[in-house]
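Q: Here you go, coords30.txt (compact mmCIF, N, CA, C and O atoms):
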```
# COMPACT_ATOMS: atom_id res chain seq x y z
N MET A 203 11.60 -20.28 6.68
CA MET A 203 11.44 -18.86 6.41
C MET A 203 10.53 -18.24 7.47
O MET A 203 9.49 -18.79 7.80
N HIS A 204 10.94 -17.13 7.99
CA HIS A 204 10.18 -16.43 9.02
C HIS A 204 8.98 -15.72 8.39
O HIS A 204 9.13 -15.01 7.40
N ARG A 205 7.81 -15.90 8.97
CA ARG A 205 6.61 -15.23 8.44
C ARG A 205 6.26 -14.05 9.32
O ARG A 205 6.34 -14.13 10.54
N HIS A 206 5.89 -12.98 8.68
CA HIS A 206 5.46 -11.78 9.38
C HIS A 206 3.93 -11.71 9.39
O HIS A 206 3.29 -12.20 8.47
N GLU A 207 3.37 -11.11 10.42
CA GLU A 207 1.95 -10.83 10.43
C GLU A 207 1.75 -9.54 9.67
O GLU A 207 2.52 -8.59 9.85
N VAL A 208 0.74 -9.49 8.83
CA VAL A 208 0.48 -8.30 8.03
C VAL A 208 -0.82 -7.66 8.49
O VAL A 208 -1.84 -8.36 8.61
N PHE A 209 -0.77 -6.38 8.76
CA PHE A 209 -1.93 -5.63 9.24
C PHE A 209 -2.21 -4.46 8.32
O PHE A 209 -1.27 -3.79 7.87
N LEU A 210 -3.47 -4.21 8.06
CA LEU A 210 -3.86 -3.00 7.35
C LEU A 210 -4.34 -1.99 8.39
O LEU A 210 -5.12 -2.34 9.28
N THR A 211 -3.84 -0.77 8.29
CA THR A 211 -4.36 0.27 9.17
C THR A 211 -5.79 0.56 8.75
O THR A 211 -6.23 0.19 7.65
N ALA A 212 -6.53 1.25 9.61
CA ALA A 212 -7.91 1.63 9.26
C ALA A 212 -7.92 2.46 7.99
O ALA A 212 -8.81 2.31 7.15
N ALA A 213 -6.93 3.32 7.82
CA ALA A 213 -6.85 4.16 6.63
C ALA A 213 -6.63 3.31 5.37
O ALA A 213 -7.23 3.56 4.33
N ALA A 214 -5.79 2.28 5.47
CA ALA A 214 -5.55 1.39 4.32
C ALA A 214 -6.80 0.58 3.99
O ALA A 214 -7.11 0.35 2.82
N GLU A 215 -7.54 0.16 5.02
CA GLU A 215 -8.80 -0.54 4.77
C GLU A 215 -9.78 0.38 4.05
O GLU A 215 -10.48 -0.05 3.13
N GLN A 216 -9.80 1.64 4.44
CA GLN A 216 -10.67 2.61 3.77
C GLN A 216 -10.21 2.83 2.33
O GLN A 216 -11.03 2.97 1.43
N ASP A 217 -8.89 2.84 2.12
CA ASP A 217 -8.36 2.95 0.75
C ASP A 217 -8.92 1.83 -0.13
O ASP A 217 -9.32 2.07 -1.26
N LEU A 218 -8.92 0.60 0.41
CA LEU A 218 -9.43 -0.54 -0.37
C LEU A 218 -10.92 -0.38 -0.66
O LEU A 218 -11.37 -0.65 -1.78
N ALA A 219 -11.68 0.05 0.33
CA ALA A 219 -13.12 0.25 0.12
C ALA A 219 -13.37 1.33 -0.93
O ALA A 219 -14.21 1.16 -1.82
N ASP A 220 -12.62 2.42 -0.85
CA ASP A 220 -12.76 3.50 -1.82
C ASP A 220 -12.37 3.04 -3.22
O ASP A 220 -13.02 3.38 -4.20
N LEU A 221 -11.30 2.27 -3.29
CA LEU A 221 -10.82 1.75 -4.57
C LEU A 221 -11.88 0.83 -5.20
O LEU A 221 -12.18 0.93 -6.39
N PHE A 222 -12.45 -0.05 -4.38
CA PHE A 222 -13.50 -0.94 -4.87
C PHE A 222 -14.66 -0.12 -5.43
O PHE A 222 -15.13 -0.37 -6.55
N ASP A 223 -15.13 0.86 -4.66
CA ASP A 223 -16.26 1.69 -5.10
C ASP A 223 -15.93 2.41 -6.40
O ASP A 223 -16.76 2.48 -7.31
N TYR A 224 -14.74 2.94 -6.48
CA TYR A 224 -14.32 3.70 -7.66
C TYR A 224 -14.34 2.81 -8.91
O TYR A 224 -14.90 3.17 -9.94
N ILE A 225 -13.72 1.63 -8.81
CA ILE A 225 -13.65 0.73 -9.96
C ILE A 225 -15.04 0.17 -10.29
O ILE A 225 -15.43 0.10 -11.46
N ALA A 226 -15.80 -0.20 -9.27
CA ALA A 226 -17.13 -0.78 -9.50
C ALA A 226 -18.05 0.22 -10.20
O ALA A 226 -18.85 -0.15 -11.06
N THR A 227 -17.92 1.50 -9.86
CA THR A 227 -18.74 2.55 -10.46
C THR A 227 -18.34 2.81 -11.90
O THR A 227 -19.20 3.01 -12.76
N ARG A 228 -17.04 2.82 -12.17
CA ARG A 228 -16.55 3.17 -13.51
C ARG A 228 -16.42 1.96 -14.44
O ARG A 228 -16.34 2.12 -15.64
N ASP A 229 -16.38 0.77 -13.85
CA ASP A 229 -16.28 -0.45 -14.66
C ASP A 229 -17.39 -1.38 -14.19
O ASP A 229 -18.55 -1.11 -14.44
N THR A 230 -17.03 -2.45 -13.50
CA THR A 230 -18.04 -3.37 -12.96
C THR A 230 -17.57 -3.86 -11.58
O THR A 230 -16.37 -3.84 -11.29
N PRO A 231 -18.52 -4.32 -10.74
CA PRO A 231 -18.10 -4.91 -9.46
C PRO A 231 -17.14 -6.09 -9.67
O PRO A 231 -16.23 -6.29 -8.87
N ALA A 232 -17.33 -6.85 -10.75
CA ALA A 232 -16.43 -7.99 -11.01
C ALA A 232 -15.01 -7.49 -11.26
O ALA A 232 -14.04 -8.08 -10.77
N ALA A 233 -14.88 -6.40 -12.02
CA ALA A 233 -13.54 -5.84 -12.27
C ALA A 233 -12.93 -5.35 -10.96
O ALA A 233 -11.74 -5.54 -10.71
N ALA A 234 -13.75 -4.72 -10.12
CA ALA A 234 -13.26 -4.23 -8.82
C ALA A 234 -12.78 -5.40 -7.96
O ALA A 234 -11.73 -5.33 -7.32
N ASN A 235 -13.53 -6.50 -7.98
CA ASN A 235 -13.12 -7.69 -7.22
C ASN A 235 -11.81 -8.26 -7.72
O ASN A 235 -10.97 -8.68 -6.93
N ARG A 236 -11.61 -8.26 -9.05
CA ARG A 236 -10.35 -8.78 -9.61
C ARG A 236 -9.16 -7.94 -9.14
O ARG A 236 -8.12 -8.47 -8.76
N VAL A 237 -9.31 -6.62 -9.16
CA VAL A 237 -8.22 -5.74 -8.72
C VAL A 237 -7.95 -5.97 -7.23
O VAL A 237 -6.79 -6.10 -6.82
N LEU A 238 -9.00 -6.03 -6.42
CA LEU A 238 -8.79 -6.24 -4.98
C LEU A 238 -8.16 -7.60 -4.70
O LEU A 238 -7.32 -7.72 -3.81
N ASP A 239 -8.54 -8.63 -5.47
CA ASP A 239 -7.92 -9.95 -5.30
C ASP A 239 -6.41 -9.88 -5.57
O ASP A 239 -5.61 -10.46 -4.83
N ARG A 240 -6.03 -9.16 -6.62
CA ARG A 240 -4.60 -9.02 -6.95
C ARG A 240 -3.87 -8.24 -5.86
O ARG A 240 -2.75 -8.59 -5.48
N ILE A 241 -4.50 -7.19 -5.36
CA ILE A 241 -3.88 -6.40 -4.29
C ILE A 241 -3.73 -7.26 -3.03
O ILE A 241 -2.70 -7.22 -2.37
N GLU A 242 -4.74 -8.08 -2.73
CA GLU A 242 -4.64 -8.96 -1.56
C GLU A 242 -3.50 -9.95 -1.70
O GLU A 242 -2.84 -10.29 -0.71
N LYS A 243 -3.21 -10.43 -2.91
CA LYS A 243 -2.07 -11.32 -3.14
C LYS A 243 -0.76 -10.59 -2.85
O LYS A 243 0.16 -11.16 -2.27
N VAL A 244 -0.67 -9.34 -3.28
CA VAL A 244 0.52 -8.53 -3.00
C VAL A 244 0.67 -8.35 -1.49
O VAL A 244 1.76 -8.52 -0.93
N VAL A 245 -0.43 -8.04 -0.82
CA VAL A 245 -0.42 -7.88 0.64
C VAL A 245 0.06 -9.17 1.31
O VAL A 245 0.95 -9.15 2.17
N ALA A 246 -0.50 -10.30 0.89
CA ALA A 246 -0.12 -11.59 1.48
C ALA A 246 1.36 -11.90 1.25
O ALA A 246 2.02 -12.49 2.11
N SER A 247 1.90 -11.48 0.10
CA SER A 247 3.30 -11.77 -0.20
C SER A 247 4.25 -11.06 0.77
O SER A 247 5.38 -11.49 0.97
N LEU A 248 3.78 -10.00 1.39
CA LEU A 248 4.62 -9.26 2.34
C LEU A 248 4.86 -10.07 3.62
O LEU A 248 5.80 -9.78 4.36
N ALA A 249 4.04 -11.08 3.88
CA ALA A 249 4.23 -11.91 5.07
C ALA A 249 5.56 -12.65 5.02
O ALA A 249 6.19 -12.87 6.05
N SER A 250 6.00 -13.01 3.82
CA SER A 250 7.26 -13.76 3.73
C SER A 250 8.42 -12.90 3.23
O SER A 250 9.57 -13.24 3.49
N LEU A 251 8.15 -11.82 2.53
CA LEU A 251 9.23 -11.00 1.98
C LEU A 251 9.00 -9.50 2.19
O LEU A 251 8.91 -8.75 1.21
N PRO A 252 8.92 -9.04 3.42
CA PRO A 252 8.63 -7.61 3.62
C PRO A 252 9.75 -6.68 3.16
O PRO A 252 9.49 -5.53 2.82
N GLU A 253 10.97 -7.19 3.12
CA GLU A 253 12.09 -6.30 2.75
C GLU A 253 12.24 -6.15 1.24
O GLU A 253 13.09 -5.44 0.76
N ARG A 254 11.38 -6.81 0.47
CA ARG A 254 11.50 -6.75 -0.98
C ARG A 254 11.12 -5.41 -1.56
O ARG A 254 11.53 -5.06 -2.65
N GLY A 255 10.32 -4.63 -0.85
CA GLY A 255 9.87 -3.35 -1.37
C GLY A 255 10.97 -2.31 -1.39
O GLY A 255 11.93 -2.38 -0.63
N SER A 256 10.79 -1.34 -2.26
CA SER A 256 11.74 -0.22 -2.34
C SER A 256 11.28 0.90 -1.41
O SER A 256 10.14 0.92 -0.95
N HIS A 257 12.18 1.84 -1.16
CA HIS A 257 11.82 3.01 -0.35
C HIS A 257 11.15 4.04 -1.25
O HIS A 257 11.67 4.34 -2.33
N PRO A 258 10.00 4.59 -0.83
CA PRO A 258 9.34 5.61 -1.66
C PRO A 258 10.26 6.82 -1.85
O PRO A 258 10.79 7.36 -0.88
N ARG A 259 10.44 7.22 -3.09
CA ARG A 259 11.37 8.32 -3.39
C ARG A 259 10.95 9.63 -2.70
O ARG A 259 11.80 10.43 -2.32
N GLU A 260 9.64 9.83 -2.52
CA GLU A 260 9.17 11.05 -1.86
C GLU A 260 9.64 11.10 -0.42
O GLU A 260 9.90 12.19 0.12
N LEU A 261 9.76 9.96 0.23
CA LEU A 261 10.22 9.91 1.61
C LEU A 261 11.74 9.93 1.68
O LEU A 261 12.32 10.54 2.59
N LEU A 262 12.39 9.25 0.74
CA LEU A 262 13.86 9.28 0.71
C LEU A 262 14.36 10.71 0.58
O LEU A 262 15.37 11.08 1.18
N ALA A 263 13.63 11.53 -0.20
CA ALA A 263 14.02 12.93 -0.38
C ALA A 263 14.01 13.69 0.95
O ALA A 263 14.72 14.68 1.11
N LEU A 264 13.23 13.17 1.92
CA LEU A 264 13.17 13.79 3.25
C LEU A 264 14.09 13.06 4.24
O LEU A 264 14.07 13.37 5.43
N GLY A 265 14.85 12.09 3.75
CA GLY A 265 15.74 11.33 4.62
C GLY A 265 15.04 10.25 5.43
O GLY A 265 15.58 9.74 6.40
N ILE A 266 13.82 9.89 5.03
CA ILE A 266 13.04 8.89 5.77
C ILE A 266 13.17 7.54 5.06
O ILE A 266 12.78 7.41 3.91
N ARG A 267 13.68 6.56 5.81
CA ARG A 267 13.88 5.22 5.24
C ARG A 267 13.10 4.15 6.02
O ARG A 267 13.38 2.97 5.92
N ASP A 268 12.10 4.58 6.79
CA ASP A 268 11.33 3.65 7.61
C ASP A 268 10.26 2.90 6.84
O ASP A 268 9.78 1.86 7.28
N TYR A 269 9.88 3.43 5.69
CA TYR A 269 8.77 2.86 4.93
C TYR A 269 9.26 2.26 3.62
O TYR A 269 10.27 2.67 3.08
N ARG A 270 8.49 1.30 3.13
CA ARG A 270 8.78 0.67 1.85
C ARG A 270 7.50 0.67 1.03
O ARG A 270 6.42 0.94 1.54
N GLN A 271 7.66 0.33 -0.25
CA GLN A 271 6.50 0.27 -1.12
C GLN A 271 6.61 -0.93 -2.05
O GLN A 271 7.70 -1.36 -2.39
N VAL A 272 5.45 -1.45 -2.42
CA VAL A 272 5.35 -2.44 -3.47
C VAL A 272 4.26 -1.94 -4.42
O VAL A 272 3.41 -1.14 -4.03
N PHE A 273 4.34 -2.41 -5.64
CA PHE A 273 3.44 -1.93 -6.68
C PHE A 273 2.56 -3.04 -7.23
O PHE A 273 3.00 -4.18 -7.36
N PHE A 274 1.36 -2.69 -7.54
CA PHE A 274 0.50 -3.44 -8.43
C PHE A 274 -0.06 -2.34 -9.32
O PHE A 274 -0.99 -1.63 -8.96
N LYS A 275 0.65 -2.09 -10.42
CA LYS A 275 0.41 -0.91 -11.25
C LYS A 275 -1.07 -0.72 -11.56
O LYS A 275 -1.73 -1.70 -11.90
N PRO A 276 -1.54 0.51 -11.41
CA PRO A 276 -0.82 1.72 -11.03
C PRO A 276 -0.83 1.97 -9.53
O PRO A 276 -0.51 3.05 -9.06
N TYR A 277 -1.19 0.95 -8.74
CA TYR A 277 -1.36 1.14 -7.30
C TYR A 277 -0.05 0.96 -6.55
O TYR A 277 0.77 0.13 -6.90
N ARG A 278 0.08 1.76 -5.51
CA ARG A 278 1.24 1.67 -4.62
C ARG A 278 0.75 1.32 -3.23
O ARG A 278 -0.21 1.89 -2.74
N LEU A 279 1.43 0.37 -2.60
CA LEU A 279 1.15 0.00 -1.22
C LEU A 279 2.35 0.46 -0.40
O LEU A 279 3.47 0.03 -0.65
N ILE A 280 2.11 1.35 0.54
CA ILE A 280 3.17 1.87 1.38
C ILE A 280 3.05 1.20 2.75
O ILE A 280 1.98 1.19 3.36
N TYR A 281 4.16 0.63 3.21
CA TYR A 281 4.12 -0.13 4.45
C TYR A 281 5.40 0.05 5.26
O TYR A 281 6.38 0.61 4.79
N ARG A 282 5.35 -0.49 6.46
CA ARG A 282 6.50 -0.45 7.35
C ARG A 282 6.61 -1.80 8.05
O ARG A 282 5.62 -2.31 8.57
N ALA A 283 7.78 -2.39 8.02
CA ALA A 283 8.02 -3.64 8.74
C ALA A 283 8.64 -3.31 10.10
O ALA A 283 9.62 -2.58 10.17
N VAL A 284 8.01 -3.81 11.15
CA VAL A 284 8.49 -3.59 12.51
C VAL A 284 8.53 -4.95 13.20
O VAL A 284 7.49 -5.57 13.42
N ASP A 285 9.74 -5.40 13.51
CA ASP A 285 9.92 -6.73 14.10
C ASP A 285 9.27 -7.78 13.21
O ASP A 285 9.59 -7.87 12.04
N ALA A 286 8.33 -8.54 13.74
CA ALA A 286 7.70 -9.60 12.95
C ALA A 286 6.35 -9.17 12.39
O ALA A 286 5.50 -9.99 12.06
N ARG A 287 6.14 -7.85 12.29
CA ARG A 287 4.87 -7.34 11.79
C ARG A 287 5.09 -6.39 10.62
O ARG A 287 6.09 -5.69 10.55
N VAL A 288 4.11 -6.38 9.73
CA VAL A 288 4.10 -5.45 8.60
C VAL A 288 2.81 -4.65 8.70
O VAL A 288 1.73 -5.24 8.79
N PHE A 289 2.94 -3.34 8.70
CA PHE A 289 1.78 -2.46 8.77
C PHE A 289 1.63 -1.73 7.44
O PHE A 289 2.55 -1.02 7.02
N ILE A 290 0.49 -1.92 6.79
CA ILE A 290 0.23 -1.24 5.52
C ILE A 290 -0.54 0.03 5.83
O ILE A 290 -1.60 0.00 6.47
N TYR A 291 0.03 1.17 5.40
CA TYR A 291 -0.53 2.47 5.73
C TYR A 291 -1.33 3.09 4.59
O TYR A 291 -2.20 3.93 4.83
N LEU A 292 -1.00 2.73 3.37
CA LEU A 292 -1.56 3.45 2.23
C LEU A 292 -1.67 2.51 1.04
O LEU A 292 -0.72 1.80 0.73
N ILE A 293 -2.83 2.50 0.39
CA ILE A 293 -3.02 1.75 -0.85
C ILE A 293 -3.70 2.71 -1.80
O ILE A 293 -4.89 3.00 -1.66
N VAL A 294 -2.92 3.26 -2.74
CA VAL A 294 -3.46 4.32 -3.60
C VAL A 294 -2.97 4.20 -5.03
O VAL A 294 -1.97 3.55 -5.30
N ASP A 295 -3.67 4.89 -5.88
CA ASP A 295 -3.26 5.03 -7.27
C ASP A 295 -2.02 5.91 -7.28
O ASP A 295 -2.05 7.05 -6.80
N GLY A 296 -0.92 5.37 -7.77
CA GLY A 296 0.35 6.09 -7.76
C GLY A 296 0.37 7.34 -8.62
O GLY A 296 1.33 8.11 -8.55
N ARG A 297 -0.67 7.56 -9.41
CA ARG A 297 -0.72 8.77 -10.24
C ARG A 297 -1.24 9.97 -9.46
O ARG A 297 -1.23 11.08 -9.97
N ARG A 298 -1.67 9.75 -8.24
CA ARG A 298 -2.15 10.86 -7.40
C ARG A 298 -0.96 11.64 -6.86
O ARG A 298 0.19 11.25 -7.01
N ASP A 299 -1.24 12.75 -6.19
CA ASP A 299 -0.20 13.59 -5.60
C ASP A 299 0.35 12.87 -4.36
O ASP A 299 -0.15 13.04 -3.26
N MET A 300 1.38 12.06 -4.58
CA MET A 300 1.90 11.21 -3.51
C MET A 300 2.55 12.00 -2.39
O MET A 300 2.44 11.64 -1.23
N ARG A 301 3.21 13.09 -2.72
CA ARG A 301 3.90 13.86 -1.69
C ARG A 301 2.89 14.34 -0.63
O ARG A 301 3.12 14.19 0.56
N THR A 302 1.76 14.89 -1.09
CA THR A 302 0.74 15.38 -0.16
C THR A 302 0.11 14.23 0.61
O THR A 302 -0.06 14.31 1.83
N LEU A 303 -0.21 13.14 -0.08
CA LEU A 303 -0.81 11.98 0.58
C LEU A 303 0.11 11.41 1.65
O LEU A 303 -0.33 11.12 2.76
N LEU A 304 1.37 11.24 1.32
CA LEU A 304 2.33 10.67 2.28
C LEU A 304 2.53 11.60 3.46
O LEU A 304 2.59 11.15 4.61
N ALA A 305 2.63 12.89 3.20
CA ALA A 305 2.83 13.85 4.29
C ALA A 305 1.64 13.81 5.24
O ALA A 305 1.79 13.78 6.46
N ARG A 306 0.44 13.77 4.68
CA ARG A 306 -0.75 13.78 5.51
C ARG A 306 -0.90 12.46 6.28
O ARG A 306 -1.16 12.45 7.47
N ARG A 307 -0.71 11.33 5.59
CA ARG A 307 -0.99 10.03 6.20
C ARG A 307 0.13 9.56 7.12
O ARG A 307 -0.12 9.00 8.18
N LEU A 308 1.39 9.75 6.72
CA LEU A 308 2.50 9.18 7.49
C LEU A 308 3.18 10.18 8.41
O LEU A 308 3.72 9.80 9.45
N LEU A 309 3.18 11.42 8.01
CA LEU A 309 3.95 12.41 8.77
C LEU A 309 3.05 13.36 9.56
O LEU A 309 3.52 14.26 10.23
N GLY A 310 1.74 13.16 9.45
CA GLY A 310 0.80 13.97 10.21
C GLY A 310 0.78 15.44 9.82
O GLY A 310 0.40 16.28 10.61
N ALA A 311 1.20 15.74 8.58
CA ALA A 311 1.24 17.14 8.16
C ALA A 311 -0.13 17.61 7.70
O ALA A 311 -0.97 16.85 7.31
```
I'd like the structure from this file rewritten - as C-alpha cells, please.

A:
Amino acid sequence: MHRHEVFLTAAAEQDLADLFDYIATRDTPAAANRVLDRIEKVVASLASLPERGSHPRELLALGIRDYRQVFFKPYRLIYRAVDARVFIYLIVDGRRDMRTLLARRLLGA
C-alpha cells in the first residue's frame, strides 16, 4: 500500500492549538489531550487512505472537488491530496459557519 506524507498547514496547526485551549478551559487539559489524540489518529489514517474522505458539500456547491473531509464528530478536517502528499487546511468544529470559514481559508475570500 502506498503511503502519503501528511502535512498540517500553519493554519491547521493553529486550529489544533485553539481547539486544545478551548477544551482545556471549558473541561480539563486531560479531556483536551484525549480529543487531540483522537484527531491525530484521524490525521495519521490519511497517510494510507487519503481518498476515503468525502467532498465538503459547501465546496461541491461551488463546483470545487479538489478538497475532501473526514470527521471526528463534531470536528471536520478539510484536506487536499496532491500526488503522494496530503495537506490538511482546516480542523474545526463542524457546527461553525463552514461556508465563511472555507471561503476565507481555502478560496482567499

Q: A:Leu279, A:Ile290, A:Val244, A:Thr302: which is nearest Ala213 of chain A, counting only N, CA, C and O atoms?

A: A:Ile290

Q: Kindly indicate which residue among A:Ile293, A:Arg282, A:Ala234, A:Ala249 lies nearest to Ile266 of chain A, using only C-alpha atoms for the distances.

A: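 Answer, going by the shortest atom-to-atom distance: A:Arg282.
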
Q: Write out as a PyMOL selection string which residues come within 8 Å of segment 298-301 of chain A when counting only N, CA, C and O atoms, dropping same-chain ones fewer than 6 positions away.

A: chain A and resi 260-261+276+307-309

Q: Would you output that residue set with N, CA, C and O atoms, as a PDB file, in the coordinates of the input?

A:
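Dumped everything to result-v2.pdb:
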```
ATOM      1  N   GLU A 260       9.640   9.830  -2.520  1.00  0.00           N
ATOM      2  CA  GLU A 260       9.170  11.050  -1.860  1.00  0.00           C
ATOM      3  C   GLU A 260       9.640  11.100  -0.420  1.00  0.00           C
ATOM      4  O   GLU A 260       9.900  12.190   0.120  1.00  0.00           O
ATOM      5  N   LEU A 261       9.760   9.960   0.230  1.00  0.00           N
ATOM      6  CA  LEU A 261      10.220   9.910   1.610  1.00  0.00           C
ATOM      7  C   LEU A 261      11.740   9.930   1.680  1.00  0.00           C
ATOM      8  O   LEU A 261      12.320  10.540   2.590  1.00  0.00           O
ATOM      9  N   PRO A 276      -1.540   0.510 -11.410  1.00  0.00           N
ATOM     10  CA  PRO A 276      -0.820   1.720 -11.030  1.00  0.00           C
ATOM     11  C   PRO A 276      -0.830   1.970  -9.530  1.00  0.00           C
ATOM     12  O   PRO A 276      -0.510   3.050  -9.060  1.00  0.00           O
ATOM     13  N   ARG A 307      -0.710  11.330   5.590  1.00  0.00           N
ATOM     14  CA  ARG A 307      -0.990  10.030   6.200  1.00  0.00           C
ATOM     15  C   ARG A 307       0.130   9.560   7.120  1.00  0.00           C
ATOM     16  O   ARG A 307      -0.120   9.000   8.180  1.00  0.00           O
ATOM     17  N   LEU A 308       1.390   9.750   6.720  1.00  0.00           N
ATOM     18  CA  LEU A 308       2.500   9.180   7.490  1.00  0.00           C
ATOM     19  C   LEU A 308       3.180  10.180   8.410  1.00  0.00           C
ATOM     20  O   LEU A 308       3.720   9.800   9.450  1.00  0.00           O
ATOM     21  N   LEU A 309       3.180  11.420   8.010  1.00  0.00           N
ATOM     22  CA  LEU A 309       3.950  12.410   8.770  1.00  0.00           C
ATOM     23  C   LEU A 309       3.050  13.360   9.560  1.00  0.00           C
ATOM     24  O   LEU A 309       3.520  14.260  10.230  1.00  0.00           O
TER      25      LEU A 309
END
```

Q: Hey, what does DSSP flag as alpha helix (DSSP H) within segment 206-293 of chain A? Can you give it to me as a PyMOL selection string?

A: chain A and resi 212-228+231-247+259-262

Q: Mind listing the strand (DSSP E or B) residues of segment 278-307 of chain A, per DSSP on the backbone, as a list in words?

A: Arg278, Leu279, Ile280, Tyr281, Arg282, Ala283, Val284, Arg287, Val288, Phe289, Ile290, Tyr291, Leu292, Ile293, Val294 and Asp295 of chain A

Q: Which residue gives the smallest distance to Arg259 of chain A among A:Gln216, A:Arg306, A:His206, A:Gln271, with all atoms listed in the file counted?

A: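 Checking each of A:Gln216, A:Arg306, A:His206, A:Gln271 against Arg259 of chain A, counting all atoms listed in the file, the winner is A:Gln271.
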
Q: Need the shell around Val272 of chain A: protein/DNA/RNA residues with any atom at most 8 Å away, counting only N, CA, C and O atoms. Skip same-chain ones fewer than 2 positions apart. Format as a PyMOL selection string?

A: chain A and resi 244+252+254-258+270+274-281+292-294

Q: Please determine, counting only C-alpha atoms, which residue among A:Asp295, A:Glu207, A:Asp223, A:Asp268 has the shortest atom-to-atom distance to Val245 of chain A.

A: A:Glu207

Q: Measure the distance from atom C of Ala283 of chain A to atom O of Ser250 of chain A in Å and round it to one decimal.

A: 12.0 Å

Q: What is the distance between atom CA of Phe209 of chain A and atom C of Tyr291 of chain A, in Å to one decimal?

A: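 Distance between the two atoms: 9.9 Å.
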